[in-house]
>>> print(open('upload.pdb').read())   # PDB, C-alpha atoms and all ligand atoms
MODEL        1
ATOM      1  CA  MET A 170       0.729-210.316  29.450  1.00  0.00           C
ATOM      2  CA  PRO A 171      -2.926-209.964  30.516  1.00  0.00           C
ATOM      3  CA  PRO A 172      -5.200-207.855  28.319  1.00  0.00           C
ATOM      4  CA  ARG A 173      -5.938-204.298  29.240  1.00  0.00           C
ATOM      5  CA  PHE A 174      -9.680-203.635  29.428  1.00  0.00           C
ATOM      6  CA  VAL A 175     -10.872-200.414  27.834  1.00  0.00           C
ATOM      7  CA  LYS A 176     -14.401-199.020  27.843  1.00  0.00           C
ATOM      8  CA  ALA A 177     -15.848-199.638  24.402  1.00  0.00           C
ATOM      9  CA  THR A 178     -19.599-199.041  24.479  1.00  0.00           C
ATOM     10  CA  SER A 179     -22.658-199.440  26.680  1.00  0.00           C
ATOM     11  CA  LEU A 180     -25.428-202.024  27.023  1.00  0.00           C
ATOM     12  CA  ARG A 181     -27.962-199.355  26.053  1.00  0.00           C
ATOM     13  CA  LEU A 182     -26.208-198.695  22.743  1.00  0.00           C
ATOM     14  CA  LEU A 183     -25.824-202.414  22.038  1.00  0.00           C
ATOM     15  CA  ARG A 184     -29.512-203.010  22.680  1.00  0.00           C
ATOM     16  CA  GLU A 185     -30.325-200.227  20.208  1.00  0.00           C
ATOM     17  CA  ARG A 186     -28.014-201.646  17.552  1.00  0.00           C
ATOM     18  CA  PRO A 187     -26.340-204.999  18.262  1.00  0.00           C
ATOM     19  CA  ILE A 188     -23.244-204.519  16.105  1.00  0.00           C
ATOM     20  CA  ARG A 189     -20.864-201.701  16.947  1.00  0.00           C
ATOM     21  CA  SER A 190     -17.303-200.946  16.109  1.00  0.00           C
ATOM     22  CA  PHE A 191     -14.435-198.764  17.241  1.00  0.00           C
ATOM     23  CA  LYS A 192     -11.039-197.979  15.839  1.00  0.00           C
ATOM     24  CA  ILE A 193      -7.752-198.984  17.367  1.00  0.00           C
ATOM     25  CA  GLY A 194      -4.944-197.010  15.835  1.00  0.00           C
ATOM     26  CA  LEU A 195      -5.153-195.910  12.224  1.00  0.00           C
ATOM     27  CA  PHE A 196      -5.911-199.134  10.397  1.00  0.00           C
ATOM     28  CA  LYS A 197      -7.523-201.602  12.785  1.00  0.00           C
ATOM     29  CA  SER A 198     -10.856-201.815  14.488  1.00  0.00           C
ATOM     30  CA  VAL A 199     -12.783-204.020  16.894  1.00  0.00           C
ATOM     31  CA  THR A 200     -16.390-205.040  16.397  1.00  0.00           C
ATOM     32  CA  ILE A 201     -18.680-205.760  19.349  1.00  0.00           C
ATOM     33  CA  PHE A 202     -21.765-207.948  19.007  1.00  0.00           C
ATOM     34  CA  TYR A 203     -24.805-208.262  21.238  1.00  0.00           C
ATOM     35  CA  ALA A 204     -26.201-211.724  20.573  1.00  0.00           C
ATOM     36  CA  GLY A 205     -29.059-213.091  22.660  1.00  0.00           C
ATOM     37  CA  GLY A 206     -27.944-211.244  25.764  1.00  0.00           C
ATOM     38  CA  GLU A 207     -24.276-212.208  25.358  1.00  0.00           C
ATOM     39  CA  ILE A 208     -21.544-209.895  24.146  1.00  0.00           C
ATOM     40  CA  PHE A 209     -18.621-210.833  21.923  1.00  0.00           C
ATOM     41  CA  ALA A 210     -15.782-208.870  20.365  1.00  0.00           C
ATOM     42  CA  THR A 211     -13.764-209.692  17.267  1.00  0.00           C
ATOM     43  CA  GLN A 212     -11.431-207.958  14.876  1.00  0.00           C
ATOM     44  CA  GLY A 213     -13.271-205.346  12.877  1.00  0.00           C
ATOM     45  CA  HIS A 214     -12.804-206.627   9.328  1.00  0.00           C
ATOM     46  CA  CYS A 215     -13.573-209.787   7.398  1.00  0.00           C
ATOM     47  CA  VAL A 216     -10.657-212.139   6.741  1.00  0.00           C
ATOM     48  CA  HIS A 217     -11.646-212.400   3.060  1.00  0.00           C
ATOM     49  CA  MET A 218     -11.360-208.873   1.615  1.00  0.00           C
ATOM     50  CA  HIS A 219     -11.577-206.728   4.732  1.00  0.00           C
ATOM     51  CA  ALA A 220     -15.214-205.703   4.635  1.00  0.00           C
ATOM     52  CA  PRO A 221     -16.198-203.955   7.854  1.00  0.00           C
ATOM     53  CA  LEU A 222     -18.031-206.508   9.990  1.00  0.00           C
ATOM     54  CA  LEU A 223     -20.136-203.642  11.276  1.00  0.00           C
ATOM     55  CA  THR A 224     -22.190-203.961   8.091  1.00  0.00           C
ATOM     56  CA  GLY A 225     -22.743-207.713   8.462  1.00  0.00           C
ATOM     57  CA  HIS A 226     -25.964-209.512   9.298  1.00  0.00           C
ATOM     58  CA  LEU A 227     -26.185-211.124  12.731  1.00  0.00           C
ATOM     59  CA  GLU A 228     -28.424-214.071  13.506  1.00  0.00           C
ATOM     60  CA  GLY A 229     -27.780-215.590  16.907  1.00  0.00           C
ATOM     61  CA  ARG A 230     -24.011-216.080  17.068  1.00  0.00           C
ATOM     62  CA  GLN A 231     -23.682-216.304  13.303  1.00  0.00           C
ATOM     63  CA  LEU A 232     -22.496-213.294  11.349  1.00  0.00           C
ATOM     64  CA  THR A 233     -22.775-213.075   7.580  1.00  0.00           C
ATOM     65  CA  CYS A 234     -20.370-210.692   5.904  1.00  0.00           C
ATOM     66  CA  SER A 235     -22.156-208.094   3.811  1.00  0.00           C
ATOM     67  CA  TRP A 236     -19.773-208.275   0.867  1.00  0.00           C
ATOM     68  CA  HIS A 237     -19.535-211.929  -0.222  1.00  0.00           C
ATOM     69  CA  GLY A 238     -21.448-213.839   2.404  1.00  0.00           C
ATOM     70  CA  TRP A 239     -18.714-215.552   4.395  1.00  0.00           C
ATOM     71  CA  GLN A 240     -20.098-216.627   7.731  1.00  0.00           C
ATOM     72  CA  TYR A 241     -18.492-216.594  11.158  1.00  0.00           C
ATOM     73  CA  ASP A 242     -19.259-217.867  14.631  1.00  0.00           C
ATOM     74  CA  ILE A 243     -18.596-214.672  16.562  1.00  0.00           C
ATOM     75  CA  SER A 244     -18.143-216.515  19.874  1.00  0.00           C
ATOM     76  CA  THR A 245     -15.018-218.275  18.574  1.00  0.00           C
ATOM     77  CA  GLY A 246     -14.129-216.214  15.510  1.00  0.00           C
ATOM     78  CA  GLN A 247     -14.186-219.395  13.407  1.00  0.00           C
ATOM     79  CA  CYS A 248     -15.187-218.914   9.805  1.00  0.00           C
ATOM     80  CA  LEU A 249     -17.991-221.318   8.871  1.00  0.00           C
ATOM     81  CA  THR A 250     -17.394-220.855   5.146  1.00  0.00           C
ATOM     82  CA  ASN A 251     -13.667-221.647   5.064  1.00  0.00           C
ATOM     83  CA  ASP A 252     -12.011-223.776   7.768  1.00  0.00           C
ATOM     84  CA  TRP A 253      -8.679-221.980   7.533  1.00  0.00           C
ATOM     85  CA  ALA A 254     -10.098-218.531   8.206  1.00  0.00           C
ATOM     86  CA  LYS A 255     -10.600-217.178  11.699  1.00  0.00           C
ATOM     87  CA  LEU A 256     -11.246-213.784  13.255  1.00  0.00           C
ATOM     88  CA  ALA A 257      -9.224-212.597  16.222  1.00  0.00           C
ATOM     89  CA  THR A 258     -11.457-212.464  19.305  1.00  0.00           C
ATOM     90  CA  TYR A 259     -11.150-210.347  22.434  1.00  0.00           C
ATOM     91  CA  PRO A 260     -12.439-210.867  25.978  1.00  0.00           C
ATOM     92  CA  VAL A 261     -15.382-208.754  27.097  1.00  0.00           C
ATOM     93  CA  LYS A 262     -16.588-207.728  30.538  1.00  0.00           C
ATOM     94  CA  VAL A 263     -19.574-205.717  31.683  1.00  0.00           C
ATOM     95  CA  GLU A 264     -19.626-203.412  34.676  1.00  0.00           C
ATOM     96  CA  GLY A 265     -23.020-201.868  35.255  1.00  0.00           C
ATOM     97  CA  GLU A 266     -24.021-200.452  31.873  1.00  0.00           C
ATOM     98  CA  ASP A 267     -20.470-200.186  30.576  1.00  0.00           C
ATOM     99  CA  VAL A 268     -18.934-202.720  28.204  1.00  0.00           C
ATOM    100  CA  TYR A 269     -15.174-203.227  28.239  1.00  0.00           C
ATOM    101  CA  VAL A 270     -13.016-205.051  25.714  1.00  0.00           C
ATOM    102  CA  GLY A 271      -9.678-206.592  26.652  1.00  0.00           C
ATOM    103  CA  LEU A 272      -6.966-205.617  24.197  1.00  0.00           C
ATOM    104  CA  PRO A 273      -3.283-206.488  24.116  1.00  0.00           C
ATOM    105  CA  GLU A 274      -1.364-203.886  26.113  1.00  0.00           C
ATOM    106  CA  GLU A 275       0.319-202.287  23.083  1.00  0.00           C
ATOM    107  CA  THR A 276      -3.007-202.111  21.204  1.00  0.00           C
ATOM    108  CA  ALA A 277      -4.779-200.515  24.124  1.00  0.00           C
ATOM    109  CA  ALA A 278      -2.107-197.852  24.328  1.00  0.00           C
ATOM    110  CA  GLU A 279      -2.653-197.142  20.652  1.00  0.00           C
ATOM    111  CA  LYS A 280      -6.401-196.964  21.157  1.00  0.00           C
ATOM    112  CA  LEU A 281      -6.182-194.472  23.972  1.00  0.00           C
ATOM    113  CA  ALA A 282      -4.511-192.056  21.588  1.00  0.00           C
ATOM    114  CA  GLU A 283      -7.533-192.181  19.291  1.00  0.00           C
ATOM    115  CA  ASP A 284     -10.958-190.690  19.667  1.00  0.00           C
ATOM    116  CA  TRP A 285     -13.639-193.196  20.553  1.00  0.00           C
ATOM    117  CA  GLU A 286     -15.800-194.235  17.691  1.00  0.00           C
ATOM    118  CA  THR A 287     -18.747-196.444  18.477  1.00  0.00           C
ATOM    119  CA  ASP A 288     -20.972-195.757  15.475  1.00  0.00           C
TER     120      ASP A 288
HETATM  121  S1  LIG A 301     -15.079-209.435   2.370  1.00  0.00           S
HETATM  122 FE1  LIG A 301     -16.252-210.628   3.710  1.00  0.00          FE
HETATM  123  S2  LIG A 301     -16.899-212.285   2.476  1.00  0.00           S
HETATM  124 FE2  LIG A 301     -15.657-211.084   1.171  1.00  0.00          FE
ENDMDL
END
>>> encode(input="upload.pdb", output="structure tokens")
Amino acid sequence: MPPRFVKATSLRLLRERPIRSFKIGLFKSVTIFYAGGEIFATQGHCVHMHAPLLTGHLEGRQLTCSWHGWQYDISTGQCLTNDWAKLATYPVKVEGEDVYVGLPEETAAEKLAEDWETD
């Protein structure tokens, strides 16, 4: 089933702060990254011990987790510290100033029931 694109943030907000996050349902979140003019979206928490990726350090496409330093390529989700670890990634599209993230249909339905949180 194709992903369902939901409005997640704006280019203006991403330019102000290049890592943003929003909740999907009660326990999950998605993190959006603005890296060198490109936008990527991954699951919201580190594979290691679930630190919020929102607090990580971004350099180019490389994110360093703020808790124990695991590093990820946010364009693929691949962990650069441990081969076996990988973040889920989501497709992104931009329409005008609006940034949309493609979520699985059931996840999107869950998200729509929640308030938006982009900080
Ligand atoms: S929680 Fe991210 S490196 Fe440990």
>>> residues_around(input="upload.pdb", residues="Leu272 (chain A)", least_positions_apart="5", cutoff="8 Å", atoms="all atoms listed in the file", output="VMD selection string")
chain A and resid 172 to 175 259 to 260 277
>>> resolve_selection(input="upload.pdb", expression="the PyMOL selection byres (((chain A and resi 266) around 9) and not hetatm)", output="PDB file with C-alpha atoms, keeping the file's coordinate frame")
ATOM      1  CA  THR A 178     -19.599-199.041  24.479  1.00  0.00           C
ATOM      2  CA  SER A 179     -22.658-199.440  26.680  1.00  0.00           C
ATOM      3  CA  LEU A 180     -25.428-202.024  27.023  1.00  0.00           C
ATOM      4  CA  ARG A 181     -27.962-199.355  26.053  1.00  0.00           C
ATOM      5  CA  VAL A 263     -19.574-205.717  31.683  1.00  0.00           C
ATOM      6  CA  GLU A 264     -19.626-203.412  34.676  1.00  0.00           C
ATOM      7  CA  GLY A 265     -23.020-201.868  35.255  1.00  0.00           C
ATOM      8  CA  ASP A 267     -20.470-200.186  30.576  1.00  0.00           C
ATOM      9  CA  VAL A 268     -18.934-202.720  28.204  1.00  0.00           C
TER      10      VAL A 268
END
>>> residues_near_ligand(input="upload.pdb", ligand="ligand LIG 301 (chain A)", cutoff="7 Å", atoms="only C-alpha atoms and all ligand atoms", output="JSON list (two decimals) with C-alpha atoms, keeping the file's coordinate frame")
[["chain", "number", "residue", "atom", "x", "y", "z"],
["A", 215, "CYS", "CA", -13.57, -209.79, 7.40],
["A", 216, "VAL", "CA", -10.66, -212.14, 6.74],
["A", 217, "HIS", "CA", -11.65, -212.40, 3.06],
["A", 218, "MET", "CA", -11.36, -208.87, 1.62],
["A", 219, "HIS", "CA", -11.58, -206.73, 4.73],
["A", 220, "ALA", "CA", -15.21, -205.70, 4.64],
["A", 234, "CYS", "CA", -20.37, -210.69, 5.90],
["A", 235, "SER", "CA", -22.16, -208.09, 3.81],
["A", 236, "TRP", "CA", -19.77, -208.28, 0.87],
["A", 237, "HIS", "CA", -19.54, -211.93, -0.22],
["A", 238, "GLY", "CA", -21.45, -213.84, 2.40],
["A", 239, "TRP", "CA", -18.71, -215.55, 4.39]]
>>> atom_distance(input="upload.pdb", atom1="CA of Leu182 (chain A)", atom2="CA of Gly205 (chain A)")
14.7 Å
>>> atom_distance(input="upload.pdb", atom1="CA of Arg230 (chain A)", atom2="CA of Phe202 (chain A)")
8.7 Å
>>> residues_around(input="upload.pdb", residues="Ala204 (chain A)", least_positions_apart="2", cutoff="10 Å", atoms="all atoms listed in the file", output="ChimeraX atom specification")
/A:183-184,187-188,201-202,206-209,227-231,243-244
>>> closest_residue(input="upload.pdb", among="A:Thr233, A:Met170, A:Leu223, A:His214", to="Thr250 (chain A)", atoms="all atoms listed in the file")
A:Thr233
>>> resolve_selection(input="upload.pdb", expression="the PyMOL selection byres (((chain A and resi 246) around 7) and not hetatm)", output="JSON, numbers by chain")
{"A": [211, 241, 242, 243, 244, 245, 247, 248, 255, 256, 257, 258]}
>>> atom_distance(input="upload.pdb", atom1="CA of Asn251 (chain A)", atom2="CA of Lys197 (chain A)")
22.3 Å
>>> closest_residue(input="upload.pdb", among="A:Ser198, A:Ala210, A:Glu185, A:Ile193", to="Val261 (chain A)", atoms="only C-alpha atoms")
A:Ala210
>>> closest_residue(input="upload.pdb", among="A:Lys176, A:Gln240, A:Pro221, A:Leu232", to="Phe196 (chain A)", atoms="all atoms listed in the file")
A:Pro221
>>> closest_residue(input="upload.pdb", among="A:Gly194, A:Trp253, A:Arg189, A:Ala177", to="Glu275 (chain A)", atoms="all atoms listed in the file")
A:Gly194
